[in-house]
Amino acid sequence: MIKLNINQAKTHLSAYVARVERGETILLCRRNQPVAELRPLRQRRTRKRPIGLATGEFKIPRRFFDPLPAELEAAFAGESA
């Protein structure tokens with residue numbers, strides 16, 4: 001992480017923006033007190049995420065599909081006290 005005073009950042013803004021684009025983080029300070037942070041934005045995904053990435057990594061137990069207890073269903077419906 002780069003720590004800069006605002007005056008320094010203003011003077012060489014283009015160079016620091018280029019560093020941020022490469023993945024660095026910059027902490028902007030006023031009189032050596034942090035006031036802001038510059039970080040690169042996440043890049044948008046260019047391809048769709050494939051389905052089934054976690055296939056075989058865990059198993060859902062059969063009781064997961066059992067009906068909920070009546071008092072829990074009532075609580076979800078806002079009927080419990």
# chains A, B, ... in the order shown; residues from 1 in each chain; ligands from 1
call {"tool": "residues_around", "arguments": {"residues": "segment 31-39 of chain A", "least_positions_apart": "6", "cutoff": "7 Å", "atoms": "only C-alpha atoms", "output": "PyMOL selection string"}}
result
chain A and resi 5+20+24-25
call {"tool": "write_last_selection", "arguments": {"atoms": "N, CA and C atoms", "output": "CSV table (one decimal), in the first residue's frame"}}
result
chain,number,residue,atom,x,y,z
A,5,ASN,N,0.5,12.0,0.6
A,5,ASN,CA,-0.2,13.2,1.0
A,5,ASN,C,-0.9,13.8,-0.3
A,20,VAL,N,-2.6,2.2,-9.6
A,20,VAL,CA,-3.8,1.6,-9.1
A,20,VAL,C,-4.4,0.7,-10.2
A,24,GLU,N,-2.4,-1.9,-7.3
A,24,GLU,CA,-1.9,-1.3,-6.0
A,24,GLU,C,-3.0,-0.5,-5.4
A,25,THR,N,-2.9,-0.3,-4.1
A,25,THR,CA,-3.8,0.5,-3.3
A,25,THR,C,-3.1,1.7,-2.8
call {"tool": "select_by_dssp", "arguments": {"residues": "segment 1-80 of chain A", "states": "alpha helix (DSSP H)", "output": "PyMOL selection string"}}
result
chain A and resi 6-11+13-21+70-76
call {"tool": "write_last_selection", "arguments": {"atoms": "N, CA and C atoms", "output": "mmCIF file, in the first residue's frame"}}
result
data_model
loop_
_atom_site.group_PDB
_atom_site.id
_atom_site.type_symbol
_atom_site.label_atom_id
_atom_site.label_comp_id
_atom_site.auth_asym_id
_atom_site.auth_seq_id
_atom_site.Cartn_x
_atom_site.Cartn_y
_atom_site.Cartn_z
ATOM 1 N N ILE A 6 -1.982 14.474 -0.118
ATOM 2 C CA ILE A 6 -2.807 14.907 -1.238
ATOM 3 C C ILE A 6 -2.000 15.738 -2.231
ATOM 4 N N ASN A 7 -1.132 16.610 -1.768
ATOM 5 C CA ASN A 7 -0.339 17.443 -2.670
ATOM 6 C C ASN A 7 0.523 16.582 -3.597
ATOM 7 N N GLN A 8 1.132 15.544 -3.054
ATOM 8 C CA GLN A 8 1.935 14.617 -3.840
ATOM 9 C C GLN A 8 1.080 13.929 -4.899
ATOM 10 N N ALA A 9 -0.125 13.497 -4.505
ATOM 11 C CA ALA A 9 -1.015 12.799 -5.420
ATOM 12 C C ALA A 9 -1.456 13.722 -6.553
ATOM 13 N N LYS A 10 -1.747 14.991 -6.234
ATOM 14 C CA LYS A 10 -2.165 15.941 -7.268
ATOM 15 C C LYS A 10 -1.049 16.156 -8.280
ATOM 16 N N THR A 11 0.159 16.226 -7.815
ATOM 17 C CA THR A 11 1.294 16.503 -8.689
ATOM 18 C C THR A 11 1.549 15.367 -9.680
ATOM 19 N N LEU A 13 -0.686 12.621 -10.389
ATOM 20 C CA LEU A 13 -1.916 11.825 -10.409
ATOM 21 C C LEU A 13 -1.902 10.734 -11.476
ATOM 22 N N SER A 14 -1.495 11.055 -12.697
ATOM 23 C CA SER A 14 -1.507 10.067 -13.783
ATOM 24 C C SER A 14 -0.655 8.848 -13.449
ATOM 25 N N ALA A 15 0.498 9.072 -12.878
ATOM 26 C CA ALA A 15 1.384 7.960 -12.535
ATOM 27 C C ALA A 15 0.756 7.081 -11.455
ATOM 28 N N TYR A 16 0.118 7.700 -10.468
ATOM 29 C CA TYR A 16 -0.494 6.916 -9.394
ATOM 30 C C TYR A 16 -1.742 6.182 -9.867
ATOM 31 N N VAL A 17 -2.497 6.788 -10.772
ATOM 32 C CA VAL A 17 -3.667 6.090 -11.329
ATOM 33 C C VAL A 17 -3.204 4.858 -12.104
ATOM 34 N N ALA A 18 -2.107 4.976 -12.815
ATOM 35 C CA ALA A 18 -1.562 3.818 -13.536
ATOM 36 C C ALA A 18 -1.190 2.701 -12.563
ATOM 37 N N ARG A 19 -0.631 3.045 -11.423
ATOM 38 C CA ARG A 19 -0.275 2.035 -10.421
ATOM 39 C C ARG A 19 -1.521 1.377 -9.836
ATOM 40 N N VAL A 20 -2.568 2.170 -9.632
ATOM 41 C CA VAL A 20 -3.833 1.619 -9.138
ATOM 42 C C VAL A 20 -4.409 0.650 -10.176
ATOM 43 N N GLU A 21 -4.328 1.012 -11.448
ATOM 44 C CA GLU A 21 -4.817 0.117 -12.502
ATOM 45 C C GLU A 21 -4.084 -1.217 -12.501
ATOM 46 N N ALA A 70 -44.026 -27.185 13.184
ATOM 47 C CA ALA A 70 -45.147 -26.237 13.111
ATOM 48 C C ALA A 70 -44.803 -24.890 13.753
ATOM 49 N N GLU A 71 -44.093 -24.893 14.898
ATOM 50 C CA GLU A 71 -43.779 -23.624 15.557
ATOM 51 C C GLU A 71 -42.817 -22.767 14.735
ATOM 52 N N LEU A 72 -41.926 -23.417 13.985
ATOM 53 C CA LEU A 72 -41.004 -22.679 13.129
ATOM 54 C C LEU A 72 -41.735 -22.093 11.919
ATOM 55 N N GLU A 73 -42.637 -22.856 11.331
ATOM 56 C CA GLU A 73 -43.449 -22.339 10.231
ATOM 57 C C GLU A 73 -44.281 -21.145 10.695
ATOM 58 N N ALA A 74 -44.825 -21.238 11.903
ATOM 59 C CA ALA A 74 -45.619 -20.141 12.444
ATOM 60 C C ALA A 74 -44.751 -18.897 12.639
ATOM 61 N N ALA A 75 -43.523 -19.092 13.098
ATOM 62 C CA ALA A 75 -42.613 -17.958 13.304
ATOM 63 C C ALA A 75 -42.306 -17.275 11.982
ATOM 64 N N PHE A 76 -42.097 -18.040 10.917
ATOM 65 C CA PHE A 76 -41.838 -17.438 9.602
ATOM 66 C C PHE A 76 -43.067 -16.699 9.087
#
call {"tool": "closest_residue", "arguments": {"among": "A:His12, A:Gly56, A:Leu4, A:Arg62", "to": "Cys29 of chain A", "atoms": "only C-alpha atoms"}}
result
A:Leu4
call {"tool": "select_by_dssp", "arguments": {"residues": "chain A", "states": "strand (DSSP E or B)", "output": "ChimeraX atom specification"}}
result
/A:2-5,26-30,33-38
call {"tool": "decode", "arguments": {"residues": "segment 29-73 of chain A", "atoms": "C-alpha atoms", "output": "PDB file, in the first residue's frame"}}
result
ATOM      1  CA  CYS A  29      -3.513  11.555   3.627  1.00  0.00           C
ATOM      2  CA  ARG A  30      -3.958  15.150   4.712  1.00  0.00           C
ATOM      3  CA  ARG A  31      -1.052  16.172   6.961  1.00  0.00           C
ATOM      4  CA  ASN A  32      -0.155  12.477   7.328  1.00  0.00           C
ATOM      5  CA  GLN A  33      -3.686  11.570   8.549  1.00  0.00           C
ATOM      6  CA  PRO A  34      -5.494   9.058   6.290  1.00  0.00           C
ATOM      7  CA  VAL A  35      -8.614  10.485   4.615  1.00  0.00           C
ATOM      8  CA  ALA A  36      -9.273   8.238   1.587  1.00  0.00           C
ATOM      9  CA  GLU A  37      -8.219   5.073  -0.131  1.00  0.00           C
ATOM     10  CA  LEU A  38      -7.867   4.472  -3.887  1.00  0.00           C
ATOM     11  CA  ARG A  39      -8.327   0.882  -4.978  1.00  0.00           C
ATOM     12  CA  PRO A  40      -8.811  -0.702  -8.403  1.00  0.00           C
ATOM     13  CA  LEU A  41     -12.372  -1.611  -9.340  1.00  0.00           C
ATOM     14  CA  ARG A  42     -13.236  -5.255  -9.853  1.00  0.00           C
ATOM     15  CA  GLN A  43     -13.202  -6.263 -13.466  1.00  0.00           C
ATOM     16  CA  ARG A  44     -16.502  -7.470 -14.846  1.00  0.00           C
ATOM     17  CA  ARG A  45     -16.689 -11.159 -15.612  1.00  0.00           C
ATOM     18  CA  THR A  46     -16.290 -11.775 -19.336  1.00  0.00           C
ATOM     19  CA  ARG A  47     -17.621 -15.322 -19.288  1.00  0.00           C
ATOM     20  CA  LYS A  48     -20.604 -16.762 -17.484  1.00  0.00           C
ATOM     21  CA  ARG A  49     -19.785 -18.715 -14.352  1.00  0.00           C
ATOM     22  CA  PRO A  50     -20.066 -22.454 -15.042  1.00  0.00           C
ATOM     23  CA  ILE A  51     -22.732 -24.444 -13.249  1.00  0.00           C
ATOM     24  CA  GLY A  52     -21.703 -27.266 -10.919  1.00  0.00           C
ATOM     25  CA  LEU A  53     -18.365 -25.992  -9.631  1.00  0.00           C
ATOM     26  CA  ALA A  54     -18.900 -27.664  -6.242  1.00  0.00           C
ATOM     27  CA  THR A  55     -20.247 -30.974  -7.567  1.00  0.00           C
ATOM     28  CA  GLY A  56     -19.259 -33.786  -5.218  1.00  0.00           C
ATOM     29  CA  GLU A  57     -17.788 -31.497  -2.537  1.00  0.00           C
ATOM     30  CA  PHE A  58     -20.710 -31.824  -0.133  1.00  0.00           C
ATOM     31  CA  LYS A  59     -23.880 -33.828   0.248  1.00  0.00           C
ATOM     32  CA  ILE A  60     -27.289 -32.486   1.271  1.00  0.00           C
ATOM     33  CA  PRO A  61     -28.830 -34.728   3.954  1.00  0.00           C
ATOM     34  CA  ARG A  62     -32.287 -36.195   3.233  1.00  0.00           C
ATOM     35  CA  ARG A  63     -33.787 -34.503   6.310  1.00  0.00           C
ATOM     36  CA  PHE A  64     -33.076 -31.144   4.672  1.00  0.00           C
ATOM     37  CA  PHE A  65     -36.250 -31.677   2.617  1.00  0.00           C
ATOM     38  CA  ASP A  66     -38.427 -32.716   5.603  1.00  0.00           C
ATOM     39  CA  PRO A  67     -41.220 -30.310   6.565  1.00  0.00           C
ATOM     40  CA  LEU A  68     -40.344 -27.713   9.200  1.00  0.00           C
ATOM     41  CA  PRO A  69     -41.777 -28.009  12.721  1.00  0.00           C
ATOM     42  CA  ALA A  70     -45.147 -26.237  13.111  1.00  0.00           C
ATOM     43  CA  GLU A  71     -43.779 -23.624  15.557  1.00  0.00           C
ATOM     44  CA  LEU A  72     -41.004 -22.679  13.129  1.00  0.00           C
ATOM     45  CA  GLU A  73     -43.449 -22.339  10.231  1.00  0.00           C
TER      46      GLU A  73
END
